[in-house]
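K.L.:
For reference, the file start-v9.pdb (PDB, C-alpha atoms) is included below:
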```
ATOM      1  CA  MET S  11       6.327  -2.133  14.319  1.00  0.00           C
ATOM      2  CA  ASN S  12       5.831  -3.572  10.850  1.00  0.00           C
ATOM      3  CA  TYR S  13       3.467  -2.163   8.256  1.00  0.00           C
ATOM      4  CA  GLN S  14       1.070  -5.124   8.379  1.00  0.00           C
ATOM      5  CA  LEU S  15       0.586  -4.657  12.104  1.00  0.00           C
ATOM      6  CA  LEU S  16      -0.024  -0.939  11.589  1.00  0.00           C
ATOM      7  CA  LEU S  17      -2.636  -1.740   8.933  1.00  0.00           C
ATOM      8  CA  GLU S  18      -4.261  -4.180  11.386  1.00  0.00           C
ATOM      9  CA  CYS S  19      -4.359  -1.435  14.036  1.00  0.00           C
ATOM     10  CA  TYR S  20      -5.894   0.979  11.541  1.00  0.00           C
ATOM     11  CA  ALA S  21      -8.510  -1.598  10.523  1.00  0.00           C
ATOM     12  CA  SER S  22      -9.471  -2.010  14.186  1.00  0.00           C
ATOM     13  CA  GLY S  23     -10.092   1.722  14.528  1.00  0.00           C
ATOM     14  CA  SER S  24      -6.768   3.183  15.656  1.00  0.00           C
ATOM     15  CA  GLU S  25      -5.637   6.490  14.190  1.00  0.00           C
ATOM     16  CA  MET S  26      -2.198   6.705  12.601  1.00  0.00           C
ATOM     17  CA  THR S  27       0.305   9.116  14.121  1.00  0.00           C
ATOM     18  CA  GLN S  28       2.506  11.296  11.913  1.00  0.00           C
ATOM     19  CA  ASP S  29       5.517   9.158  12.870  1.00  0.00           C
ATOM     20  CA  GLU S  30       3.690   5.989  11.862  1.00  0.00           C
ATOM     21  CA  LEU S  31       2.607   7.525   8.564  1.00  0.00           C
ATOM     22  CA  GLN S  32       6.168   8.626   7.871  1.00  0.00           C
ATOM     23  CA  MET S  33       7.392   5.098   8.588  1.00  0.00           C
ATOM     24  CA  LEU S  34       4.720   3.707   6.254  1.00  0.00           C
ATOM     25  CA  GLU S  35       5.839   6.062   3.476  1.00  0.00           C
ATOM     26  CA  ILE S  36       9.407   4.798   3.817  1.00  0.00           C
ATOM     27  CA  GLU S  37       8.143   1.216   3.833  1.00  0.00           C
ATOM     28  CA  LEU S  38       6.115   1.798   0.658  1.00  0.00           C
ATOM     29  CA  ASP S  39       9.096   3.316  -1.131  1.00  0.00           C
ATOM     30  CA  THR S  40      11.207   0.324  -0.083  1.00  0.00           C
ATOM     31  CA  GLN S  41       8.574  -2.132  -1.290  1.00  0.00           C
ATOM     32  CA  ILE S  42       8.233  -0.396  -4.648  1.00  0.00           C
ATOM     33  CA  GLU S  43      11.980  -0.739  -5.157  1.00  0.00           C
ATOM     34  CA  SER S  44      12.056  -4.362  -3.972  1.00  0.00           C
ATOM     35  CA  ILE S  45       9.349  -5.591  -6.369  1.00  0.00           C
ATOM     36  CA  LYS S  46      11.633  -4.562  -9.211  1.00  0.00           C
ATOM     37  CA  VAL S  47      14.143  -7.246  -8.226  1.00  0.00           C
ATOM     38  CA  SER S  48      12.152 -10.035  -6.552  1.00  0.00           C
ATOM     39  CA  ARG S  49       8.818 -11.664  -7.243  1.00  0.00           C
ATOM     40  CA  THR S  50       8.649 -13.258  -3.785  1.00  0.00           C
ATOM     41  CA  GLN S  51       7.912 -10.145  -1.748  1.00  0.00           C
ATOM     42  CA  GLY S  52       5.301 -10.476   1.003  1.00  0.00           C
ATOM     43  CA  CYS S  53       3.801  -7.170  -0.054  1.00  0.00           C
ATOM     44  CA  LEU S  54       2.544  -8.898  -3.226  1.00  0.00           C
ATOM     45  CA  LYS S  55       0.443 -11.361  -1.232  1.00  0.00           C
ATOM     46  CA  ILE S  56      -3.286 -10.835  -0.850  1.00  0.00           C
ATOM     47  CA  ALA S  57      -4.273  -8.817   2.219  1.00  0.00           C
ATOM     48  CA  PRO S  58      -7.115 -10.016   4.453  1.00  0.00           C
ATOM     49  CA  ASN S  59     -10.557  -8.736   3.491  1.00  0.00           C
ATOM     50  CA  HIS S  60     -10.970  -6.627   6.645  1.00  0.00           C
ATOM     51  CA  ILE S  61      -7.781  -4.732   5.757  1.00  0.00           C
ATOM     52  CA  CYS S  62      -8.989  -4.132   2.194  1.00  0.00           C
ATOM     53  CA  LYS S  63     -12.353  -2.861   3.468  1.00  0.00           C
ATOM     54  CA  SER S  64     -10.771  -0.530   6.014  1.00  0.00           C
ATOM     55  CA  VAL S  65      -8.722   1.274   3.350  1.00  0.00           C
ATOM     56  CA  LEU S  66     -11.508   1.154   0.760  1.00  0.00           C
ATOM     57  CA  VAL S  67      -9.934  -1.117  -1.854  1.00  0.00           C
ATOM     58  CA  CYS S  68     -11.382  -4.224  -3.491  1.00  0.00           C
ATOM     59  CA  GLU S  69     -11.247  -7.471  -1.565  1.00  0.00           C
ATOM     60  CA  GLY S  70      -8.387  -9.574  -2.870  1.00  0.00           C
ATOM     61  CA  SER S  71      -6.019  -6.603  -3.185  1.00  0.00           C
ATOM     62  CA  THR S  72      -2.347  -6.952  -2.327  1.00  0.00           C
ATOM     63  CA  TRP S  73      -0.714  -5.655   0.823  1.00  0.00           C
ATOM     64  CA  ILE S  74       1.209  -3.025  -1.151  1.00  0.00           C
ATOM     65  CA  THR S  75      -2.033  -1.734  -2.661  1.00  0.00           C
ATOM     66  CA  CYS S  76      -3.617  -1.491   0.788  1.00  0.00           C
ATOM     67  CA  LEU S  77      -0.567   0.322   2.133  1.00  0.00           C
ATOM     68  CA  ALA S  78      -0.710   2.852  -0.704  1.00  0.00           C
ATOM     69  CA  ALA S  79      -4.453   3.351  -0.206  1.00  0.00           C
ATOM     70  CA  LEU S  80      -3.981   4.015   3.519  1.00  0.00           C
ATOM     71  CA  LEU S  81      -1.316   6.614   2.791  1.00  0.00           C
ATOM     72  CA  ASP S  82      -3.501   8.274   0.140  1.00  0.00           C
ATOM     73  CA  LYS S  83      -6.379   8.367   2.620  1.00  0.00           C
ATOM     74  CA  CYS S  84      -4.360   9.756   5.543  1.00  0.00           C
ATOM     75  CA  LEU S  85      -1.926  11.895   3.536  1.00  0.00           C
ATOM     76  CA  PRO S  86      -3.695  12.956   0.332  1.00  0.00           C
ATOM     77  CA  PRO S  87      -1.282  13.876  -2.462  1.00  0.00           C
ATOM     78  CA  ARG S  88      -0.496  17.532  -2.939  1.00  0.00           C
ATOM     79  CA  LEU S  89      -1.802  19.263  -6.013  1.00  0.00           C
ATOM     80  CA  GLY S  90       0.212  18.174  -9.027  1.00  0.00           C
ATOM     81  CA  HIS S  91       1.564  15.024  -7.345  1.00  0.00           C
ATOM     82  CA  LYS S  92       0.554  11.476  -8.190  1.00  0.00           C
ATOM     83  CA  ALA S  93      -1.348   9.425  -5.617  1.00  0.00           C
ATOM     84  CA  LYS S  94       0.570   6.560  -3.985  1.00  0.00           C
ATOM     85  CA  GLY S  95      -2.033   4.093  -5.273  1.00  0.00           C
ATOM     86  CA  ALA S  96      -1.417   5.239  -8.845  1.00  0.00           C
ATOM     87  CA  ILE S  97       2.346   4.968  -8.371  1.00  0.00           C
ATOM     88  CA  VAL S  98       1.967   1.403  -7.075  1.00  0.00           C
ATOM     89  CA  PHE S  99      -0.399   0.461  -9.903  1.00  0.00           C
ATOM     90  CA  ASP S 100       1.996   1.853 -12.500  1.00  0.00           C
ATOM     91  CA  GLU S 101       4.943  -0.048 -11.023  1.00  0.00           C
ATOM     92  CA  LEU S 102       2.995  -3.308 -10.729  1.00  0.00           C
ATOM     93  CA  PHE S 103       1.981  -2.898 -14.366  1.00  0.00           C
ATOM     94  CA  ARG S 104       5.533  -2.039 -15.442  1.00  0.00           C
ATOM     95  CA  GLN S 105       6.902  -5.131 -13.678  1.00  0.00           C
ATOM     96  CA  GLY S 106       4.304  -7.439 -15.233  1.00  0.00           C
ATOM     97  CA  TYR S 107       2.199  -8.122 -12.129  1.00  0.00           C
ATOM     98  CA  ILE S 108      -0.862  -6.537 -13.783  1.00  0.00           C
ATOM     99  CA  ILE S 109      -1.769  -7.366 -17.333  1.00  0.00           C
ATOM    100  CA  THR S 110      -4.466  -5.541 -19.266  1.00  0.00           C
ATOM    101  CA  ASP S 111      -5.977  -6.658 -22.519  1.00  0.00           C
TER
END
```
Rewrite the structure from the file as structure tokens, please.
P.N.:
Amino acid sequence: MNYQLLLECYASGSEMTQDELQMLEIELDTQIESIKVSRTQGCLKIAPNHICKSVLVCEGSTWITCLAALLDKCLPPRLGHKAKGAIVFDELFRQGYIITD
């Protein structure tokens, strides 16, 4: 099952199993690495509004941001560890996808 389908299931009210969450963590790690080498990744496309709302991020957020938010919600970071959303933000910034002035 791909991560977008799992996010759709979550948005419709399904709970994530530990196996699904583990798969999503691996997928996020893979996506973070892939955005370093290619600007055409699907994870950089805008997620549908109902997905953004279900994981409590702003409408118009990318799929990778929604994925990180879901993982942070279901598997909060341990004390002293950075949240997945912050890791994604930092990498998007580092790769030039987010520009601040």
K.L.:
For this structure, which residues satisfy the selection - the PyMOL selection byres ((chain S and resi 70) around 9) - when it is evaluated on the file as given? I want them as a PyMOL selection string.
P.N.:
chain S and resi 56-59+62+67-69+71-72
K.L.:
Write out as an MDAnalysis selection string the residues lying within 10 Å of stretch 39-47 of chain S, counting all atoms listed in the file and excluding same-chain residues fewer than 6 positions away.
P.N.:
chainID S and resid 53:54 74 78 94 97:98 101:102 104:107
K.L.:
Separation of atom CA of S:Leu89 and atom CA of S:Ser24, in Å?
P.N.:
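Value for the atom CA of S:Leu89-atom CA of S:Ser24 distance: 27.4 Å.
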K.L.:
Neighbouring residues of S:Ser64 were defined as those with any atom within 10 Å, considering all atoms listed in the file; residues of the same chain fewer than 2 positions away were excluded. Please report them as a list in words.
P.N.:
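So, after excluding close chain neighbours, the residues are Leu17, Glu18, Tyr20, Ala21, Ser22, Gly23, Asn59, His60, Ile61, Cys62, Leu66, Val67, Cys76, Ala79 and Leu80 of chain S.
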K.L.:
In Å, how far is it from atom CA of S:Tyr13 to atom CA of S:Thr75?
P.N.:
12.2 Å
K.L.:
Take atom CA of S:Gln14 and atom CA of S:Met33 and report the distance between them in Å, one decimal.
P.N.:
12.0 Å
